[in-house]
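Trainee: Got protein-v4.txt for you, compact mmCIF, C-alpha atoms:
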```txt
# COMPACT_ATOMS: atom_id res chain seq x y z
CA GLU O 1 14.53 131.72 157.61
CA LYS O 2 14.44 135.49 157.07
CA PRO O 3 13.63 137.72 160.06
CA LYS O 4 10.18 139.25 160.15
CA PRO O 5 9.95 142.90 159.01
CA GLU O 6 8.26 143.84 162.28
CA ARG O 7 11.28 142.66 164.24
CA ILE O 8 13.64 144.61 161.99
CA TYR O 9 11.67 147.82 162.54
CA SER O 10 11.61 147.14 166.27
CA ASP O 11 15.40 146.72 166.31
CA VAL O 12 15.86 149.99 164.44
CA ASP O 13 13.63 151.83 166.89
CA THR O 14 15.48 150.38 169.87
CA ALA O 15 18.88 151.20 168.33
CA ASN O 16 17.72 154.78 167.75
CA ARG O 17 16.58 154.99 171.37
CA VAL O 18 20.00 153.77 172.55
CA ALA O 19 21.71 156.34 170.32
CA LYS O 20 19.46 159.11 171.66
CA ILE O 21 20.30 158.21 175.25
CA ALA O 22 24.02 158.20 174.47
CA THR O 23 23.79 161.59 172.75
CA MET O 24 21.85 163.23 175.59
CA VAL O 25 24.09 161.83 178.35
CA THR O 26 27.26 162.82 176.53
CA ALA O 27 25.98 166.32 175.81
CA GLU O 28 24.77 167.08 179.35
CA PRO O 29 25.93 164.39 181.79
CA GLU O 30 24.99 166.43 184.88
CA LYS O 31 21.40 166.65 183.68
CA HIS O 32 20.85 163.25 182.05
CA VAL O 33 23.13 160.88 184.00
CA LYS O 34 20.15 158.89 185.29
CA MET O 35 19.18 158.01 181.72
CA ILE O 36 22.04 155.49 181.59
CA GLU O 37 19.84 153.19 183.65
CA ASP O 38 17.41 153.00 180.71
CA LEU O 39 20.02 151.04 178.76
CA SER O 40 19.78 148.21 181.28
CA HIS O 41 16.13 147.70 180.35
CA VAL O 42 17.31 146.97 176.81
CA TYR O 43 20.12 144.50 177.47
CA MET O 44 18.45 142.74 180.40
CA SER O 45 15.33 141.97 178.35
CA SER O 46 15.37 138.64 176.50
CA LYS O 47 12.71 140.02 174.14
CA ASN O 48 15.36 142.08 172.33
CA THR O 49 17.73 140.53 169.80
CA LEU O 50 21.24 139.59 170.81
CA ARG O 51 22.72 142.31 168.61
CA ILE O 52 20.61 145.06 170.21
CA ARG O 53 21.38 143.83 173.73
CA LYS O 54 25.11 143.92 173.01
CA LEU O 55 24.76 147.40 171.53
CA ALA O 56 23.13 148.65 174.73
CA MET O 57 25.80 147.01 176.92
CA LEU O 58 28.70 148.49 174.97
CA THR O 59 27.02 151.91 174.89
CA GLU O 60 26.64 151.85 178.67
CA MET O 61 30.26 150.79 179.06
CA GLN O 62 31.54 153.68 176.94
CA LEU O 63 29.30 156.26 178.59
CA TYR O 64 30.73 155.50 182.03
CA CYS O 65 34.25 155.73 180.61
CA ASP O 66 33.45 159.12 179.08
CA ILE O 67 31.63 160.88 181.93
CA THR O 68 33.27 159.42 185.04
CA PRO O 69 35.54 161.97 186.78
CA GLY O 70 39.21 161.29 187.40
CA TYR O 71 38.73 160.75 191.14
CA SER O 72 36.74 158.48 193.43
CA ILE O 73 33.46 159.85 194.74
CA ARG O 74 32.87 160.01 198.46
CA SER O 75 29.35 159.25 199.69
CA LEU O 76 27.84 162.19 201.52
CA THR O 77 27.03 162.02 205.21
CA GLU O 78 23.60 163.00 206.53
CA ALA O 79 25.00 166.27 207.80
CA GLU O 80 26.54 167.09 204.42
CA THR O 81 23.32 166.20 202.64
CA ALA O 82 21.30 168.51 204.89
CA GLN O 83 23.83 171.34 204.56
CA LYS O 84 22.83 174.26 202.33
CA VAL O 85 25.25 174.80 199.46
CA SER O 86 25.43 176.93 196.36
CA LYS O 87 23.61 175.95 193.19
CA ASP O 88 26.86 174.95 191.42
CA VAL O 89 28.02 172.76 194.29
CA ALA O 90 24.57 171.16 194.57
CA LEU O 91 24.63 170.37 190.84
CA VAL O 92 28.03 168.70 191.09
CA ARG O 93 27.01 166.76 194.21
CA ASN O 94 23.80 165.53 192.62
CA PHE O 95 25.68 164.41 189.51
CA GLU O 96 28.36 162.60 191.52
CA GLN O 97 25.93 160.76 193.80
CA SER O 98 23.63 159.79 190.90
CA LEU O 99 26.58 158.60 188.84
CA LEU O 100 27.98 156.52 191.69
CA ALA O 101 24.62 154.87 192.43
CA SER O 102 24.02 154.08 188.75
CA TYR O 103 27.55 152.72 188.29
CA LYS O 104 27.20 150.38 191.27
CA ARG O 105 23.94 148.97 189.90
CA SER O 106 25.44 148.59 186.44
CA LEU O 107 28.40 146.70 187.89
CA GLU O 108 26.11 144.23 189.63
CA ARG O 109 24.11 143.66 186.45
CA MET O 110 27.26 143.10 184.41
CA LYS O 111 28.54 140.62 186.98
CA ILE O 112 25.25 138.70 186.81
CA LEU O 113 25.51 138.49 183.02
CA ALA O 114 29.21 137.57 183.18
CA LYS O 115 28.48 134.64 185.50
CA LYS O 116 26.38 133.10 182.72
CA ILE O 117 29.58 132.31 180.79
CA ASP O 118 29.10 128.71 181.91
CA ALA O 119 25.40 128.61 180.99
CA LYS O 120 25.97 126.38 177.96
CA VAL O 121 28.08 123.92 179.94
CA LEU O 122 25.61 123.79 182.82
CA LYS O 123 22.71 123.32 180.41
CA THR O 124 24.53 120.44 178.69
CA LYS O 125 25.17 118.77 182.04
CA ASN O 126 21.54 119.22 183.06
CA LYS O 127 20.39 117.73 179.76
CA ARG O 128 22.57 114.68 180.34
CA LYS O 129 21.13 114.26 183.81
CA ASP O 130 17.59 114.65 182.45
CA LYS O 131 18.19 112.06 179.72
CA LYS O 132 19.65 109.64 182.23
CA LYS O 133 16.67 110.18 184.53
CA GLN O 134 14.27 109.67 181.62
CA ARG O 135 15.93 106.35 180.75
CA ILE O 136 15.60 105.22 184.36
CA ASP O 137 11.97 106.36 184.54
CA LYS O 138 11.22 104.62 181.24
CA ALA O 139 12.74 101.39 182.45
CA GLU O 140 10.71 101.63 185.66
CA GLY O 141 7.54 102.56 183.76
CA THR O 142 7.26 105.98 185.44
CA GLU O 143 8.23 108.17 182.49
CA LYS O 144 6.98 111.76 182.73
CA ALA O 145 6.14 114.23 180.02
CA GLU O 146 9.13 116.19 178.74
CA ASP O 147 9.60 119.72 179.96
CA GLN O 148 8.84 122.58 177.64
CA PRO O 149 11.92 124.03 175.88
CA GLU O 150 13.40 127.21 177.34
CA THR O 151 12.55 130.46 175.62
CA HIS O 152 16.09 131.81 175.78
CA SER O 153 19.25 130.35 174.28
CA SER O 154 22.22 129.34 176.37
CA ALA O 155 24.40 130.33 173.41
CA ASP O 156 22.99 133.87 173.73
CA ASP O 157 23.78 133.85 177.45
CA SER O 158 27.38 132.87 176.76
CA SER O 159 27.72 135.51 174.05
CA LEU O 160 26.32 138.20 176.35
CA ALA O 161 28.66 137.00 179.10
CA ILE O 162 31.67 137.59 176.83
CA THR O 163 30.43 141.14 176.17
CA ALA O 164 29.91 141.64 179.90
CA PHE O 165 33.49 140.54 180.60
CA HIS O 166 34.70 142.95 177.92
CA SER O 167 32.82 145.79 179.63
CA LEU O 168 34.10 144.88 183.09
CA CYS O 169 37.69 144.61 181.87
CA THR O 170 37.43 147.98 180.13
CA TRP O 171 36.10 149.55 183.33
CA LEU O 172 38.92 148.01 185.35
CA SER O 173 41.68 149.36 183.10
CA THR O 174 40.00 152.74 182.50
CA LEU O 175 38.35 153.40 185.87
CA SER O 176 40.79 151.77 188.29
CA HIS O 177 40.82 155.09 190.18
CA PHE O 178 37.05 155.05 190.65
CA ASN O 179 34.79 153.53 193.28
CA GLU O 180 34.24 149.75 193.41
CA SER O 181 37.42 149.06 191.44
CA GLN O 182 38.76 146.76 194.17
CA SER O 183 35.67 144.55 194.19
CA LEU O 184 35.71 144.56 190.38
CA ALA O 185 39.35 143.43 190.33
CA SER O 186 38.62 140.69 192.87
CA PHE O 187 35.70 139.44 190.76
CA LEU O 188 37.70 139.35 187.53
CA VAL O 189 40.78 137.66 189.00
CA ARG O 190 38.63 134.67 189.97
CA TYR O 191 38.04 134.07 186.25
CA LEU O 192 41.74 134.24 185.32
CA ASP O 193 41.84 130.45 185.34
CA HIS O 194 38.58 130.01 183.40
CA ARG O 195 38.25 127.42 180.66
CA SER O 196 37.45 130.13 178.07
CA GLU O 197 40.67 131.40 176.51
CA LEU O 198 38.95 134.61 175.38
CA VAL O 199 37.85 135.42 178.93
CA ARG O 200 41.29 134.64 180.33
CA GLU O 201 43.05 136.85 177.79
CA LYS O 202 40.70 139.81 178.29
CA ILE O 203 41.13 139.74 182.06
CA SER O 204 44.88 139.17 181.87
CA GLU O 205 45.27 142.15 179.55
CA ALA O 206 43.23 144.43 181.82
CA LEU O 207 45.17 143.40 184.94
CA SER O 208 48.49 143.79 183.14
CA ASP O 209 47.44 147.29 182.15
CA ILE O 210 46.84 148.48 185.73
CA MET O 211 49.84 146.63 187.16
CA SER O 212 52.24 148.15 184.64
CA ASN O 213 51.36 151.57 186.10
CA ALA O 214 51.44 150.58 189.77
CA HIS O 215 54.55 152.71 190.39
CA LEU O 216 52.84 155.79 188.90
CA VAL O 217 49.47 155.77 190.69
CA SER O 218 48.16 156.30 194.19
CA GLY O 219 44.99 156.06 196.23
CA GLN O 220 42.23 153.89 194.81
CA SER O 221 44.24 152.84 191.75
CA LEU O 222 47.10 151.57 193.90
CA GLN O 223 44.73 149.75 196.25
CA THR O 224 43.15 148.07 193.22
CA VAL O 225 46.56 146.75 192.18
CA ILE O 226 47.16 145.44 195.71
CA MET O 227 43.77 143.70 195.72
CA SER O 228 44.51 142.11 192.34
CA VAL O 229 47.90 140.77 193.44
CA LYS O 230 46.42 139.49 196.72
CA THR O 231 43.59 137.64 194.95
CA ILE O 232 46.08 136.03 192.55
CA ALA O 233 48.08 134.86 195.59
CA ASP O 234 44.89 133.36 197.06
CA LEU O 235 44.25 131.52 193.78
CA ALA O 236 47.78 130.13 193.90
CA SER O 237 47.10 128.86 197.41
CA LYS O 238 43.94 127.05 196.31
CA ARG O 239 45.05 125.60 192.97
CA GLY O 240 48.81 125.43 193.22
CA SER O 241 50.63 124.14 190.15
CA SER O 242 47.36 123.54 188.27
CA LEU O 243 47.06 127.27 187.55
CA ARG O 244 47.12 128.30 183.92
CA PRO O 245 49.95 130.66 182.86
CA SER O 246 47.39 133.43 182.23
CA THR O 247 46.72 133.57 185.98
CA ILE O 248 50.17 134.80 186.95
CA ARG O 249 51.09 136.55 183.69
CA PRO O 250 49.83 139.97 184.91
CA LEU O 251 52.42 139.88 187.69
CA LEU O 252 55.13 140.13 185.03
CA SER O 253 53.88 143.65 184.25
CA LEU O 254 54.78 144.92 187.73
CA LYS O 255 57.84 147.16 187.67
CA LEU O 256 59.12 146.07 191.07
CA HIS O 257 62.31 148.11 190.89
CA ALA O 258 60.32 151.28 190.17
CA LEU O 259 58.12 150.63 193.20
CA GLN O 260 61.14 151.44 195.37
CA SER O 261 61.06 155.06 194.25
CA MET O 262 57.37 155.83 193.87
CA ASP O 263 56.96 159.60 193.72
CA PHE O 264 53.70 161.49 193.59
CA ASP O 265 55.05 165.03 193.57
CA SER O 266 53.97 165.55 189.95
CA ASP O 267 50.44 164.33 190.73
CA ARG O 268 50.22 166.61 193.75
CA LYS O 269 51.46 169.56 191.68
CA GLN O 270 48.95 168.77 188.93
CA LEU O 271 46.04 168.79 191.38
CA ARG O 272 47.24 172.08 192.89
CA ASP O 273 47.39 173.60 189.39
CA ILE O 274 43.83 172.49 188.70
CA LYS O 275 42.73 174.00 192.01
CA GLY O 276 44.50 177.25 191.17
CA ARG O 277 42.98 177.54 187.71
CA ARG O 278 39.46 176.81 188.91
CA SER O 279 39.83 179.18 191.87
CA LYS O 280 40.99 182.02 189.62
CA LYS O 281 38.20 181.40 187.15
CA ASP O 282 35.46 181.38 189.77
CA PHE O 283 36.97 183.89 192.17
CA LYS O 284 34.68 186.71 191.08
CA LYS O 285 31.60 184.62 191.77
CA GLN O 286 29.95 184.70 195.16
CA GLU O 287 29.67 180.91 195.19
CA SER O 288 33.39 180.28 194.65
CA ALA O 289 34.13 180.15 198.38
CA ASN O 290 32.23 176.88 198.80
CA LEU O 291 33.77 175.46 195.66
CA ASP O 292 37.27 176.39 196.84
CA ALA O 293 36.61 174.72 200.20
CA GLU O 294 35.57 171.54 198.45
CA LEU O 295 38.72 171.56 196.30
CA GLU O 296 40.91 172.15 199.35
CA LYS O 297 39.31 169.19 201.11
CA ASP O 298 39.87 166.96 198.07
CA LEU O 299 43.49 168.10 197.93
CA GLU O 300 44.07 167.20 201.57
CA GLU O 301 42.54 163.75 201.06
CA PHE O 302 44.71 163.19 198.00
CA GLU O 303 47.89 164.19 199.78
CA ALA O 304 47.04 161.87 202.66
CA LYS O 305 46.66 158.96 200.26
CA ALA O 306 49.97 159.75 198.61
CA SER O 307 51.97 159.88 201.85
CA PRO O 308 55.40 158.20 201.88
CA GLU O 309 54.24 155.83 204.63
CA GLU O 310 51.38 154.55 202.51
CA GLN O 311 53.65 154.28 199.48
CA ALA O 312 56.01 152.07 201.49
CA ALA O 313 53.11 149.99 202.84
CA ALA O 314 51.77 149.47 199.31
CA LYS O 315 55.17 148.37 198.09
CA ARG O 316 55.50 145.86 200.95
CA GLN O 317 52.06 144.40 200.29
CA ILE O 318 52.67 143.97 196.56
CA LEU O 319 56.05 142.33 197.12
CA THR O 320 54.63 140.10 199.87
CA HIS O 321 51.78 138.78 197.74
CA CYS O 322 54.07 138.26 194.73
CA SER O 323 56.42 136.23 196.91
CA LEU O 324 53.52 134.23 198.36
CA THR O 325 52.31 133.37 194.87
CA TYR O 326 55.78 132.18 193.86
CA PHE O 327 56.38 130.02 196.92
CA ARG O 328 52.86 128.58 196.98
CA ILE O 329 53.26 127.30 193.43
CA LEU O 330 56.72 125.89 194.23
CA SER O 331 55.35 124.23 197.35
CA ALA O 332 52.48 122.64 195.39
CA VAL O 333 54.90 121.26 192.80
CA ALA O 334 57.15 119.81 195.52
CA ILE O 335 54.18 118.12 197.22
CA GLU O 336 53.02 116.58 193.93
CA LYS O 337 56.49 115.15 193.27
CA HIS O 338 56.55 113.37 196.63
CA GLN O 339 53.10 111.84 196.21
```
Show me the file's structure as structure tokens.

Mentor:
Amino acid sequence: EKPKPERIYSDVDTANRVAKIATMVTAEPEKHVKMIEDLSHVYMSSKNTLRIRKLAMLTEMQLYCDITPGYSIRSLTEAETAQKVSKDVALVRNFEQSLLASYKRSLERMKILAKKIDAKVLKTKNKRKDKKKQRIDKAEGTEKAEDQPETHSSADDSSLAITAFHSLCTWLSTLSHFNESQSLASFLVRYLDHRSELVREKISEALSDIMSNAHLVSGQSLQTVIMSVKTIADLASKRGSSLRPSTIRPLLSLKLHALQSMDFDSDRKQLRDIKGRRSKKDFKKQESANLDAELEKDLEEFEAKASPEEQAAAKRQILTHCSLTYFRILSAVAIEKHQ
């Protein structure tokens, strides 16, 4: 059956609207960052076609990758919010806080869609239960009228879930330095042992990507790696030898020897160079004093995160959780042999 012309025109209009949002946000992210939220109205609505919903999801994914800064955003305190700042600083603050709030909401929506990966299986199980109940009711003479069919397709839910996992995995590998990356990693690791091979491979690839750079990163990115390794160790404790190889494969990407000599001098120097260039550029402006103070504060926070003590602590945690994973699997195998 051919699609109705009205639906085709509607899809074209919606696709044009998605493209317009992407163009405006990319051109002036500080001004139009809140427009990203409009994409959620497209992919969360079952009235739109599957193709259009996926288009909106992937557009949102790429927009966050393109406009998100290379540092985590700190939520402002009440005192900082009430403080009077220059126009430039206020613009940056407004952009950062709006971006962070939108990203958090987008993450939650993507997680909701990703959890529907088992919608088809659950629907099949429910159908079997319903048929069994109908047979019992028929035998007892208490058969009820059949329920009306659902308006949405479980196959569509599963397809959207795959796209949601793709978006989440892309955010993890691209935005591991950004806010909420630890909770994102924890969420994805729980699906490393999922029945869907496609889901397992996407997550395994994303985790391998961030773990292969564990000896080169600091701060939020390094904490995300630690959270990932810890969650894998917890999975090993719960499931033991029944874990699929994809669950522990990301651990092979860790360069454990390089973790012994983690050095962030180049990163510190790079941030100082950025501070110097921006300070020189804006020095002649009256507002540059506030901007310089903000940069200095960010620099101090960065240097604190990259301290040798925290480097050593991170190394110990990663090695500890890797060892726990190894011994928990060995212990599970030994227990099974003696049963």

Trainee: Might you pull out every residue within 12 Å of Glu28 in chain O, with only C-alpha atoms counted and same-chain residues fewer than 6 positions away left off, and present them as a ChimeraX atom specification?

Mentor: /O:21-22,34-35,63,66-67,91,95

Trainee: In the coordinates of the file, take the point (42.4, 135.9, 197.5) and a cut-off of 12 Å; then, counting only C-alpha atoms, name each qualifying protein, DNA or RNA residue as a list in words.

Mentor: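 Counting only C-alpha atoms, I find these residues within 12 Å of (42.4, 135.9, 197.5): Gln182, Ser183, Ala185, Ser186, Phe187, Leu188, Val189, Arg190, Ile226, Met227, Ser228, Val229, Lys230, Thr231, Ile232, Ala233, Asp234, Leu235, Ala236, Ser237, Lys238, Arg239, His321, Leu324 and Thr325 of chain O.
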
Trainee: With distances taken over all atoms listed in the file, which of O:Ala258, O:Ile36, O:Ala101, O:Leu58 is nearest to Met211 in chain O?

Mentor: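 Nearest to Met211 in chain O: O:Ala258.
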
Trainee: Grab all the atoms of range 204-215 of chain O that the file lists, wrap them in a box along x, y and z, add 5 Å per side, and give me centre plus edge lengths in Å (one decimal) as lines of an AutoDock Vina configuration file.

Mentor:
```
center_x = 48.9
center_y = 145.9
center_z = 185.0
size_x = 21.3
size_y = 23.5
size_z = 20.8
```

Trainee: If I put a ball of radius 10 Å at (45.6, 142.3, 183.3) in the file's coordinates, which residues poke into it when counting only C-alpha atoms, written as a short mmCIF file (atom, residue, chain, number, x, y, z; two decimals) with C-alpha atoms, keeping the file's coordinate frame?

Mentor:
```cif
data_model
loop_
_atom_site.label_atom_id
_atom_site.label_comp_id
_atom_site.auth_asym_id
_atom_site.auth_seq_id
_atom_site.Cartn_x
_atom_site.Cartn_y
_atom_site.Cartn_z
CA CYS O 169 37.69 144.61 181.87
CA LEU O 172 38.92 148.01 185.35
CA SER O 173 41.68 149.36 183.10
CA ALA O 185 39.35 143.43 190.33
CA LEU O 188 37.70 139.35 187.53
CA VAL O 189 40.78 137.66 189.00
CA LEU O 192 41.74 134.24 185.32
CA ARG O 200 41.29 134.64 180.33
CA GLU O 201 43.05 136.85 177.79
CA LYS O 202 40.70 139.81 178.29
CA ILE O 203 41.13 139.74 182.06
CA SER O 204 44.88 139.17 181.87
CA GLU O 205 45.27 142.15 179.55
CA ALA O 206 43.23 144.43 181.82
CA LEU O 207 45.17 143.40 184.94
CA SER O 208 48.49 143.79 183.14
CA ASP O 209 47.44 147.29 182.15
CA ILE O 210 46.84 148.48 185.73
CA MET O 211 49.84 146.63 187.16
CA SER O 212 52.24 148.15 184.64
CA VAL O 225 46.56 146.75 192.18
CA SER O 228 44.51 142.11 192.34
CA SER O 246 47.39 133.43 182.23
CA THR O 247 46.72 133.57 185.98
CA ILE O 248 50.17 134.80 186.95
CA ARG O 249 51.09 136.55 183.69
CA PRO O 250 49.83 139.97 184.91
CA LEU O 251 52.42 139.88 187.69
CA LEU O 252 55.13 140.13 185.03
CA SER O 253 53.88 143.65 184.25
#
```

Trainee: Which residues, written as a list in words, have at least one atom at most 10 Å from Ser176 in chain O, with all atoms listed in the file counted and residues fewer than 3 positions away on the same chain left out?

Mentor: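 Result of the neighbour search: Gly70, Tyr71, Ser72, Thr170, Trp171, Leu172, Ser173, Asn179, Glu180, Ser181, Gln182, Leu184, Ala185, Ile210, Val217, Gly219, Gln220, Ser221, Leu222, Gln223, Thr224 and Val225 of chain O.
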
Trainee: Check the smallest atom-to-atom distance from each of O:Ser46, O:Phe178, O:Ser196, O:Pro308 to Ser154 in chain O using all atoms listed in the file, then report the winner.

Mentor: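 Comparing O:Ser46, O:Phe178, O:Ser196, O:Pro308 against Ser154 in chain O, the winner is O:Ser46.
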
Trainee: Can you work out which one of O:Ser323, O:Ser106, O:Ser241, O:Gln317 has the shortest atom-to-atom distance to Glu336 in chain O, counting only C-alpha atoms?

Mentor: O:Ser241

Trainee: For Val12 in chain O, which residue out of O:Thr49, O:Thr26, O:Gln97, O:Ser159 is the nearest one, using only C-alpha atoms?

Mentor: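 Smallest distance to Val12 in chain O is found for O:Thr49.
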